[in-house]
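Encoded as structure tokens, the structure appears first; notes follow it.
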Amino acid sequence: MNETASLRARAEIDLAALRANVRVLRERAAGAQLMAVVKSDGYGHGAVPCARAARAAGATWLGTATPHEALALRAAGLDGRIMCWLWTPGGPWREAIEADIDVSAGGMWALREIVAAAEAAGRPARVQLKADTGLGRGGCQPADWPGLVGAARAAERAGHLRITGLWSHFACADEPGHPSIAAQLAVYRDLVAYAEKEGVEPEVRHLANSPATLTIPEAHFDLVRTGIAMYGISPAPELGTSAELGLRPVMTLAAAVALVKDAPAGHGVSYGHHYTTPADTTLGLIPVGYADGVPRHASGSGPVLVGGKVRTVAGRVAMDQFVVDLQGDRPEAGAEAVLFGPGDRGEPTAQDWAEAAGTIAYEIVTRIGARVPRVYVNETADEVTGGVPR
């Protein structure tokens, strides 16, 4: 038995699929640079390997949420442009400046801390100003934009920073035709025009996330930020399936069946006995649970491919395991159970699990825990082989 086959569970990450997805997204946003977003450990896929694969496929920027994520990329030897945007007071501004990382400022407090850190570092910071054009999360409100731009320009003239970008984020780009899309575009254009009138010469202007990259070409500007789509998952069912969008899911989550046993009719299964066997049957024990990221909300509904058939989680998902009713089939212990993958071998997809759990596919892949090892395939080859990667 090889090492991969002997694992309790594994998340196979097809880096050729990721590279192919990056190329598709670059084609969809021709004329704009592409930022590969690798926050949250590459949406659960592994930040460093995915960042390297994305770079190899032509991504010119890398993006993270936290500065510590960005600094980890630098520590791993990734060069080129890296941006991070989720800051709190007292963050590692100086370390980020010294690592030549673009930092984001959406308020005056951040700008003040950036200037102080730049003075301590003895070098100008690379700063991107973020506007809140309607999402209502981070970023500067339009009414406060002149003050932030003015202060940033003064700091730029003093040599403390370089304004490298002007950016914002959509609220409803995954809902085609939503009125907020046009409204945010108009606000963003106005705020960019104001900043440029005040002398800002940004390297990049960017607003588009994954759904906007795929469906809103007028939002591409100089740079698009691709997160979930890079990992081959549709940003929203309304936009189309992964296959319809020309994308291939990168992660396959599989486990080894731990036990197959007979059970009589009327036998309760798992905590609370929310499932009772309707007839004499066989039960299969799958050794992953909510501690591994399998959503408990998919109890009784999560699909699993075992022995060539899609089964459903029988009863509650527990911390480390769940059960499937094999309906008399008898796969050997150690047989493969595929929770999700690209779907071309009949296995469920992350979207199927999202629907079973009442959530989004982003959450399904991102929540897969650290005790599930990532096994990287097609690290150098550009071809994606048919079926689930081996």
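Here, A, B, ... name the chains of the structure tokens in the order displayed, residue numbers run from 1 inside each chain, and ligands are numbered from 1 in the same displayed order.
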
>> I need the residues in range 9-218 of chain A that are helix (DSSP H, G or I) according to DSSP; give them as an NGL selection string.
In response: :A and (15-28 or 39-43 or 47-56 or 67-75 or 93-98 or 108-121 or 142-157 or 179-197 or 210-215 or 217-218)

Which neighbours of range 45-58 of chain A fall inside 8 Å, counting only C-alpha atoms, when residues of the same chain fewer than 3 positions from it are skipped, and could you give them as a PDB file with C-alpha atoms, in the first residue's frame?
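Result written to result_34.pdb:
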ATOM      1  CA  ILE A  13      -4.613  19.440  -4.523  1.00  0.00           C
ATOM      2  CA  LEU A  15      -1.866  22.244  -9.095  1.00  0.00           C
ATOM      3  CA  ALA A  16      -2.234  21.729 -12.840  1.00  0.00           C
ATOM      4  CA  LEU A  18      -5.076  25.609 -10.513  1.00  0.00           C
ATOM      5  CA  ARG A  19      -2.667  26.768 -13.209  1.00  0.00           C
ATOM      6  CA  ALA A  20      -5.290  26.091 -15.864  1.00  0.00           C
ATOM      7  CA  VAL A  22      -5.494  31.022 -13.605  1.00  0.00           C
ATOM      8  CA  ARG A  23      -4.983  30.988 -17.370  1.00  0.00           C
ATOM      9  CA  ARG A  26      -6.438  35.812 -17.247  1.00  0.00           C
ATOM     10  CA  LEU A  34      -4.294  39.110 -12.053  1.00  0.00           C
ATOM     11  CA  ALA A  36      -4.032  35.362  -6.932  1.00  0.00           C
ATOM     12  CA  VAL A  38      -4.222  32.971  -1.187  1.00  0.00           C
ATOM     13  CA  LYS A  39      -5.696  34.111   2.129  1.00  0.00           C
ATOM     14  CA  SER A  40      -6.883  31.548   4.687  1.00  0.00           C
ATOM     15  CA  ASP A  41      -4.082  29.174   3.659  1.00  0.00           C
ATOM     16  CA  GLY A  42      -5.087  29.391   0.016  1.00  0.00           C
ATOM     17  CA  TRP A  61       0.233  39.791  -7.716  1.00  0.00           C
ATOM     18  CA  LEU A  62      -0.489  37.713  -4.625  1.00  0.00           C
ATOM     19  CA  LEU A  73       4.780  34.125   1.709  1.00  0.00           C
ATOM     20  CA  ALA A  76       8.830  31.061   1.884  1.00  0.00           C
ATOM     21  CA  LEU A  78       7.957  34.296  -2.913  1.00  0.00           C
ATOM     22  CA  MET A 251      -9.331  19.948  -4.207  1.00  0.00           C
ATOM     23  CA  VAL A 365     -13.053  23.926   1.116  1.00  0.00           C
ATOM     24  CA  THR A 366     -11.736  26.609   3.477  1.00  0.00           C
ATOM     25  CA  ARG A 374      -2.636  18.124   1.687  1.00  0.00           C
ATOM     26  CA  GLU A 379       3.198  20.034  -9.329  1.00  0.00           C
TER      27      GLU A 379
END

>> Quick one: residues within 12 Å of Ala154 in chain A, only C-alpha atoms, excluding same-chain residues fewer than 6 positions away - as a PyMOL selection string?
In response: chain A and resi 111-112+115+147-148+160-163+198-200

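All residues of protein, DNA or RNA that reach within 6 Å of Leu253 in chain A, judged by only C-alpha atoms and not counting those fewer than 3 positions away in the chain, are Arg10, Ala11, Leu339 and Phe340 of chain A.
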
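DSSP, applied to the backbone of this structure, assigns strand (DSSP E) to the following residues of range 79-184 of chain A: Arg81, Ile82, Met83, Cys84, Asp102, Val103, Ser104, Ala105, Ala125, Arg126, Val127, Gln128, Leu129, Lys130, Leu161, Arg162, Ile163, Thr164, Gly165, Leu166 and Trp167 of chain A.
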
> Which of these residues is nearest to Arg74 in chain A, using only C-alpha atoms: A:Asp144, A:Asp100, A:Glu203, A:Glu332?
Replying inline: A:Asp100

> If we count only C-alpha atoms, what is near His274 in chain A at a cut-off of 8 Å, once residues fewer than 6 positions away on the same chain are taken out, given as number ranges by chain?
Replying inline: A: 268, 315-316

Keeping N, CA and C atoms for every residue in the selection just given, could you write it to a file as a short mmCIF file (atom, residue, chain, number, x, y, z; two decimals), in the first residue's frame?
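Once written, again_26.cif looks like this:
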data_model
loop_
_atom_site.label_atom_id
_atom_site.label_comp_id
_atom_site.auth_asym_id
_atom_site.auth_seq_id
_atom_site.Cartn_x
_atom_site.Cartn_y
_atom_site.Cartn_z
N GLY A 268 -30.27 2.09 15.47
CA GLY A 268 -29.94 3.51 15.47
C GLY A 268 -28.49 3.74 15.06
N GLY A 315 -27.35 9.72 9.73
CA GLY A 315 -27.31 10.26 11.08
C GLY A 315 -26.33 11.43 11.19
N ARG A 316 -25.95 11.73 12.41
CA ARG A 316 -25.14 12.91 12.67
C ARG A 316 -23.67 12.72 12.32
#

> Which value, in Å to one decimal, gives the distance between CA of Thr88 in chain A and CA of Val192 in chain A?
Replying inline: 24.8 Å

> So which one's closest to Thr252 in chain A, A:Arg371, A:Arg94, A:Arg345, A:Arg81? Using only C-alpha atoms, please.
Replying inline: A:Arg345

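Distances to Ala255 in chain A were evaluated for A:Gly369, A:Pro287, A:Gly341, A:Gly307 using only C-alpha atoms, and the minimum falls at A:Pro287.
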
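Restricting the calculation to only C-alpha atoms, the smallest distance between Pro67 in chain A and any of A:Gly134, A:Gly90, A:Gly232, A:Gly246 is found for A:Gly90.
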
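Picture a line from CA of Arg205 in chain A to CA of Asp222 in chain A; it runs 5.4 Å.
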
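Of the residues under consideration (A:Leu25, A:Ile368, A:Ala354, A:Leu7), A:Leu25 shows the shortest atom-to-atom contact distance to Asn209 in chain A when counting only C-alpha atoms.
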
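For Ala182 in chain A, the residues within 10 Å (counting only C-alpha atoms, excluding itself and residues fewer than 6 positions away along the chain) are Ala173, Tyr188, Ile216, Glu218 and Ala219 of chain A.
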
Write the residues of the selection above to a file with N, CA and C atoms, as a PDB file, in the first residue's frame.
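Written file, out_21.pdb:
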ATOM      1  N   ALA A 173     -21.527  41.207  -6.547  1.00  0.00           N
ATOM      2  CA  ALA A 173     -21.097  40.832  -7.892  1.00  0.00           C
ATOM      3  C   ALA A 173     -21.518  39.420  -8.260  1.00  0.00           C
ATOM      4  N   TYR A 188     -16.945  54.224  -7.362  1.00  0.00           N
ATOM      5  CA  TYR A 188     -15.511  53.941  -7.476  1.00  0.00           C
ATOM      6  C   TYR A 188     -14.856  54.845  -8.520  1.00  0.00           C
ATOM      7  N   ILE A 216     -18.255  40.902 -15.215  1.00  0.00           N
ATOM      8  CA  ILE A 216     -18.380  42.362 -15.273  1.00  0.00           C
ATOM      9  C   ILE A 216     -17.094  42.944 -15.877  1.00  0.00           C
ATOM     10  N   GLU A 218     -16.402  45.612 -17.399  1.00  0.00           N
ATOM     11  CA  GLU A 218     -16.157  47.033 -17.170  1.00  0.00           C
ATOM     12  C   GLU A 218     -15.562  47.296 -15.790  1.00  0.00           C
ATOM     13  N   ALA A 219     -15.512  46.277 -14.938  1.00  0.00           N
ATOM     14  CA  ALA A 219     -14.931  46.428 -13.604  1.00  0.00           C
ATOM     15  C   ALA A 219     -13.491  45.928 -13.525  1.00  0.00           C
TER      16      ALA A 219
END

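Nearest to Ala208 in chain A of all the residues A:Ala254, A:Cys172, A:Ile233, A:Val306 is A:Cys172, counting only C-alpha atoms.
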
> How far is it from CA of Pro146 in chain A to CA of Gly122 in chain A, in Å with one decimal?
Replying inline: 27.2 Å

>> Can you pull out the residues contacting Glu355 in chain A? Cut-off 9 Å, using only C-alpha atoms, and skip same-chain residues under 5 positions away; I want them as JSON, numbers by chain.
In response: {"A": [298, 302, 350, 360, 361]}
